[in-house]
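Shown here: query28.txt, compact mmCIF, C-alpha atoms.
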```txt
# COMPACT_ATOMS: atom_id res chain seq x y z
CA MET A 1 72.83 113.41 -32.75
CA GLY A 2 71.40 113.13 -29.23
CA ALA A 3 69.09 110.30 -30.33
CA VAL A 4 71.97 108.32 -31.86
CA ILE A 5 74.05 108.69 -28.69
CA SER A 6 71.04 107.66 -26.58
CA VAL A 7 70.55 104.49 -28.66
CA MET A 8 74.26 103.61 -28.32
CA ILE A 9 74.13 104.11 -24.54
CA ILE A 10 70.97 102.00 -24.21
CA ARG A 11 72.45 99.26 -26.39
CA SER A 12 75.67 99.21 -24.35
CA GLY A 13 73.65 99.05 -21.13
CA ILE A 14 71.60 96.08 -22.38
CA GLU A 15 74.77 94.23 -23.44
CA MET A 16 76.38 94.85 -20.03
CA ILE A 17 73.27 93.61 -18.20
CA SER A 18 73.11 90.54 -20.44
CA GLU A 19 76.78 89.67 -19.83
CA THR A 20 76.37 90.14 -16.07
CA LEU A 21 73.27 87.95 -15.96
CA ASP A 22 75.03 85.23 -17.98
CA LYS A 23 77.83 85.19 -15.43
CA VAL A 24 75.43 85.11 -12.48
CA LEU A 25 73.03 82.53 -13.91
CA GLY A 26 75.68 80.51 -15.67
CA THR A 27 76.22 79.70 -19.31
CA ARG A 28 76.78 76.49 -21.17
CA ALA A 29 80.45 75.50 -21.26
CA ASP A 30 82.40 76.26 -24.42
CA ARG A 31 81.93 73.38 -26.91
CA GLU A 32 85.59 73.47 -27.97
CA THR A 33 86.84 73.21 -24.38
CA THR A 34 84.44 70.44 -23.35
CA GLY A 35 85.21 68.50 -26.51
CA ARG A 36 88.95 68.79 -25.91
CA ILE A 37 88.62 67.70 -22.27
CA LYS A 38 86.51 64.67 -23.21
CA GLN A 39 88.97 63.78 -25.97
CA LEU A 40 91.90 63.93 -23.52
CA LEU A 41 90.03 61.75 -21.03
CA THR A 42 88.93 59.12 -23.53
CA GLU A 43 92.48 58.81 -24.91
CA GLU A 44 93.27 56.86 -21.75
CA PRO A 45 92.96 53.12 -22.49
CA GLU A 46 90.84 52.40 -19.40
CA VAL A 47 88.28 55.12 -20.11
CA ARG A 48 85.31 54.05 -22.23
CA GLY A 49 83.46 57.35 -21.91
CA ALA A 50 83.44 60.75 -20.17
CA TYR A 51 80.08 62.13 -19.04
CA ASP A 52 78.44 64.80 -16.91
CA LEU A 53 81.24 67.29 -17.51
CA ILE A 54 80.49 70.51 -15.66
CA ILE A 55 82.84 73.49 -15.77
CA ASN A 56 82.53 76.31 -13.25
CA ASN A 57 84.28 79.62 -13.85
CA TYR A 58 85.43 81.67 -10.87
CA GLY A 59 87.22 84.39 -12.78
CA PRO A 60 90.09 84.63 -15.25
CA ASP A 61 92.05 81.36 -15.44
CA LYS A 62 89.99 79.87 -12.60
CA ASN A 63 88.03 77.06 -14.28
CA TYR A 64 87.16 74.04 -12.16
CA ALA A 65 85.43 70.96 -13.52
CA SER A 66 83.84 67.72 -12.47
CA VAL A 67 83.35 64.68 -14.68
CA HIS A 68 82.31 61.02 -14.55
CA LEU A 69 84.45 58.43 -16.30
CA GLU A 70 83.15 55.05 -17.44
CA LEU A 71 85.71 52.48 -16.27
CA PRO A 72 85.97 48.68 -16.16
CA ASP A 73 84.52 46.98 -13.09
CA THR A 74 87.84 45.23 -12.57
CA MET A 75 89.84 48.36 -11.65
CA THR A 76 91.27 48.59 -8.16
CA VAL A 77 91.20 51.75 -6.07
CA ALA A 78 94.95 52.11 -6.56
CA GLN A 79 94.51 51.94 -10.35
CA LEU A 80 91.66 54.45 -10.16
CA ASP A 81 93.78 56.81 -8.07
CA ASP A 82 96.64 56.57 -10.57
CA LEU A 83 94.31 57.24 -13.49
CA THR A 84 92.63 60.18 -11.73
CA ARG A 85 95.92 61.89 -10.96
CA ARG A 86 97.16 61.27 -14.49
CA VAL A 87 94.08 62.79 -16.17
CA GLU A 88 93.94 65.73 -13.76
CA THR A 89 97.49 66.67 -14.72
CA LYS A 90 96.91 66.05 -18.42
CA VAL A 91 93.72 68.14 -18.59
CA TYR A 92 95.26 71.02 -16.66
CA ARG A 93 98.38 71.12 -18.85
CA GLU A 94 96.39 70.97 -22.09
CA THR A 95 93.41 73.21 -21.22
CA GLY A 96 94.10 75.09 -17.98
CA VAL A 97 90.97 73.54 -16.43
CA ILE A 98 91.38 71.99 -12.98
CA LEU A 99 89.53 68.69 -12.56
CA ALA A 100 88.32 69.15 -9.00
CA CYS A 101 86.25 65.97 -8.98
CA VAL A 102 86.47 62.78 -11.02
CA GLY A 103 83.67 60.31 -10.41
CA ALA A 104 83.43 56.81 -11.81
CA TYR A 105 80.81 54.66 -13.50
CA SER A 106 81.70 51.01 -13.73
CA TYR A 107 80.88 48.93 -16.78
CA ASN A 108 80.51 45.19 -16.97
CA THR A 109 83.46 43.25 -18.32
CA GLY A 110 83.38 39.64 -19.46
CA ASP A 111 79.60 39.23 -19.14
CA ASN A 112 77.81 38.61 -22.44
CA GLU A 113 74.35 38.64 -20.82
CA ALA A 114 75.01 42.08 -19.33
CA ALA A 115 76.14 43.35 -22.75
CA ARG A 116 73.00 41.94 -24.40
CA ILE A 117 70.72 43.55 -21.80
CA GLN A 118 72.61 46.86 -22.01
CA ASN A 119 72.19 46.97 -25.80
CA ASP A 120 68.49 46.21 -25.51
CA VAL A 121 67.93 48.83 -22.79
CA ARG A 122 69.93 51.42 -24.78
CA LYS A 123 67.79 50.75 -27.86
CA ARG A 124 64.59 51.16 -25.82
CA VAL A 125 65.76 54.36 -24.11
CA LEU A 126 67.12 56.05 -27.23
CA SER A 127 63.97 55.25 -29.22
CA HIS A 128 62.47 58.30 -27.48
CA ASP A 129 63.28 61.67 -29.09
CA TRP A 130 63.63 63.28 -25.65
CA ALA A 131 66.29 60.80 -24.48
CA VAL A 132 69.54 62.45 -25.59
CA GLN A 133 71.99 59.91 -24.16
CA MET A 134 72.25 56.86 -21.91
CA HIS A 135 75.43 56.08 -19.97
CA GLY A 136 76.72 54.56 -16.76
CA PHE A 137 74.93 51.23 -17.32
CA TYR A 138 75.83 48.51 -14.87
CA LEU A 139 74.11 45.19 -14.29
CA GLN A 140 74.45 43.05 -11.17
CA GLU A 141 73.07 39.75 -12.40
CA GLU A 142 73.26 37.95 -9.04
CA LYS A 143 71.25 40.71 -7.32
CA LYS A 144 68.96 41.29 -10.33
CA HIS A 145 69.79 44.99 -10.27
CA MET A 146 70.48 47.42 -13.13
CA ARG A 147 71.29 51.10 -13.10
CA PHE A 148 72.02 53.77 -15.67
CA ASP A 149 71.78 57.50 -16.32
CA VAL A 150 69.67 59.17 -19.00
CA VAL A 151 70.24 62.68 -20.33
CA PHE A 152 66.85 64.24 -21.02
CA SER A 153 66.30 67.00 -23.54
CA PHE A 154 64.52 70.14 -22.43
CA ASP A 155 61.47 68.94 -24.41
CA ILE A 156 60.22 66.79 -21.53
CA ASP A 157 59.85 67.10 -17.79
CA PRO A 158 62.37 64.58 -16.36
CA LYS A 159 59.65 63.18 -14.06
CA ASP A 160 57.52 62.27 -17.08
CA GLY A 161 60.50 60.78 -18.91
CA LEU A 162 61.51 58.74 -15.89
CA ALA A 163 57.97 57.42 -15.39
CA SER A 164 57.79 56.34 -19.03
CA LEU A 165 61.20 54.65 -18.95
CA TYR A 166 60.56 52.89 -15.65
CA ASP A 167 57.31 51.42 -17.03
CA GLU A 168 58.97 50.28 -20.25
CA ILE A 169 62.11 48.78 -18.68
CA ARG A 170 60.22 47.07 -15.85
CA GLN A 171 57.88 45.44 -18.38
CA ALA A 172 60.85 44.13 -20.36
CA TYR A 173 62.80 43.06 -17.24
CA PRO A 174 60.25 42.38 -14.46
CA ASP A 175 62.73 40.44 -12.30
CA TYR A 176 65.15 43.36 -12.06
CA ALA A 177 65.28 46.31 -9.72
CA VAL A 178 65.88 49.31 -11.97
CA VAL A 179 67.51 52.61 -10.98
CA ILE A 180 67.49 55.41 -13.55
CA VAL A 181 69.27 58.66 -12.73
CA PRO A 182 68.13 61.73 -14.69
CA ASP A 183 70.85 63.94 -16.12
CA VAL A 184 70.68 67.37 -17.71
CA ASP A 185 72.43 68.18 -20.96
CA VAL A 186 74.92 70.73 -19.56
CA SER A 187 77.87 70.26 -21.94
CA ASP A 188 78.55 68.78 -25.34
```

Would you mind writing the structure in this file as structure tokens?
Amino acid sequence: MGAVISVMIIRSGIEMISETLDKVLGTRADRETTGRIKQLLTEEPEVRGAYDLIINNYGPDKNYASVHLELPDTMTVAQLDDLTRRVETKVYRETGVILACVGAYSYNTGDNEAARIQNDVRKRVLSHDWAVQMHGFYLQEEKKHMRFDVVFSFDIDPKDGLASLYDEIRQAYPDYAVVIVPDVDVSD
């Protein structure tokens, strides 16, 4: 009987330590919650995508989040402010999560060449198994500048992935300055 009780105590201790370490080190956000938040955000007509969603928990009913929204390059600051306040309220009412920070990626509107280049770059990036997602693409044709984010899987060191992508994209578009921002796959 003593051995059984000892095993139960040890098991309970390991579970408590595991739960405590998860809270200290952080855990991946709940798939259902992140999916619901992204759904609420992308229901807005101006929002083409929601990315880089990070939720921090500071205790019961104290969830704060940050997110990037992909928005048209024609939006004014006043329109962006209106949208931000609208989605902050909507997300809080529906999920209880407070959007503490809403960032923006602009996307090209009305530029067929930018769309063609974006599709080509996306195809090149996503041809690699370790490239999970590409987002935030924006092309400034007059300055010959392109930028985008890539979510890397844990199968590759982001430095190696970036080096490979820079080489490939610069070969395809030698006249362009290219900025690639590495992202980590922190939520679904």

Length of the atom CA of Ser106 of chain A to atom CA of Tyr64 of chain A vector [Å]: 23.7 Å

message: Every residue with an atom at most 9 Å from (70.5, 54.4, -12.3) (file coordinates; all atoms listed in the file) is what I'm after, so could you write them as a list in words?
response: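 Residues satisfying the cut-off, written out: Gly136, Phe137, Tyr138, Met146, Arg147, Phe148, Asp149, Val150, Val178, Val179, Ile180, Val181 and Pro182 of chain A.
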
Just the residues within 12 Å of Pro60 of chain A, please, counting all atoms listed in the file, with nothing from its chain fewer than 4 positions along; format it as a PDB file with C-alpha atoms, in the coordinates of the input.
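After the write, out.pdb holds the following:
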```
ATOM      1  CA  ASN A  56      82.530  76.310 -13.250  1.00  0.00           C
ATOM      2  CA  TYR A  64      87.160  74.040 -12.160  1.00  0.00           C
ATOM      3  CA  GLY A  96      94.100  75.090 -17.980  1.00  0.00           C
ATOM      4  CA  VAL A  97      90.970  73.540 -16.430  1.00  0.00           C
TER       5      VAL A  97
END
```

For the point (66.4, 63.1, -23.9) in the file's frame, write as a PDB file with C-alpha atoms, keeping the file's coordinate frame all residues with an atom no more than 6 Å away, counting only C-alpha atoms.
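What landed in result-v4.pdb:
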```pdb
ATOM      1  CA  TRP A 130      63.630  63.280 -25.650  1.00  0.00           C
ATOM      2  CA  ALA A 131      66.290  60.800 -24.480  1.00  0.00           C
ATOM      3  CA  VAL A 132      69.540  62.450 -25.590  1.00  0.00           C
ATOM      4  CA  VAL A 151      70.240  62.680 -20.330  1.00  0.00           C
ATOM      5  CA  PHE A 152      66.850  64.240 -21.020  1.00  0.00           C
ATOM      6  CA  SER A 153      66.300  67.000 -23.540  1.00  0.00           C
TER       7      SER A 153
END
```

Hey, what's within 10 Å of Gln39 of chain A if we count only C-alpha atoms and toss same-chain stuff fewer than 6 positions away? As a tab-separated table (two decimals) with C-alpha atoms, in the frame of the given file, please?
```
chain	number	residue	atom	x	y	z
A	33	THR	CA	86.84	73.21	-24.38
A	49	GLY	CA	83.46	57.35	-21.91
A	50	ALA	CA	83.44	60.75	-20.17
A	91	VAL	CA	93.72	68.14	-18.59
```

field: Length of the atom CA of Ala114 of chain A to atom CA of Leu165 of chain A vector [Å]
entry: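 Computed distance, atom CA of Ala114 of chain A to atom CA of Leu165 of chain A, equals 18.7 Å.
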
Residue nearest Leu83 of chain A - candidates A:Glu32, A:Glu46, A:Asp61, A:Glu142, atoms counted: only C-alpha atoms: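 For Leu83 of chain A, the nearest of the candidates is A:Glu46.
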
Test item: residues at most 9 Å from Phe154 of chain A, all atoms listed in the file, excluding those fewer than 2 positions along its chain, as an NGL selection string: :A and (130 or 152 or 156-158 or 184-185)

Atom CA of Leu41 of chain A to atom CA of His68 of chain A, straight-line distance in Å: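 Atom CA of Leu41 of chain A lies 10.1 Å from atom CA of His68 of chain A.
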
message: Which residue is closest to Ile54 of chain A? Choose from A:Ala78, A:Val67, A:Ile14, A:Cys101 and count all atoms listed in the file.
response: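 Closest to Ile54 of chain A, using all atoms listed in the file: A:Val67.
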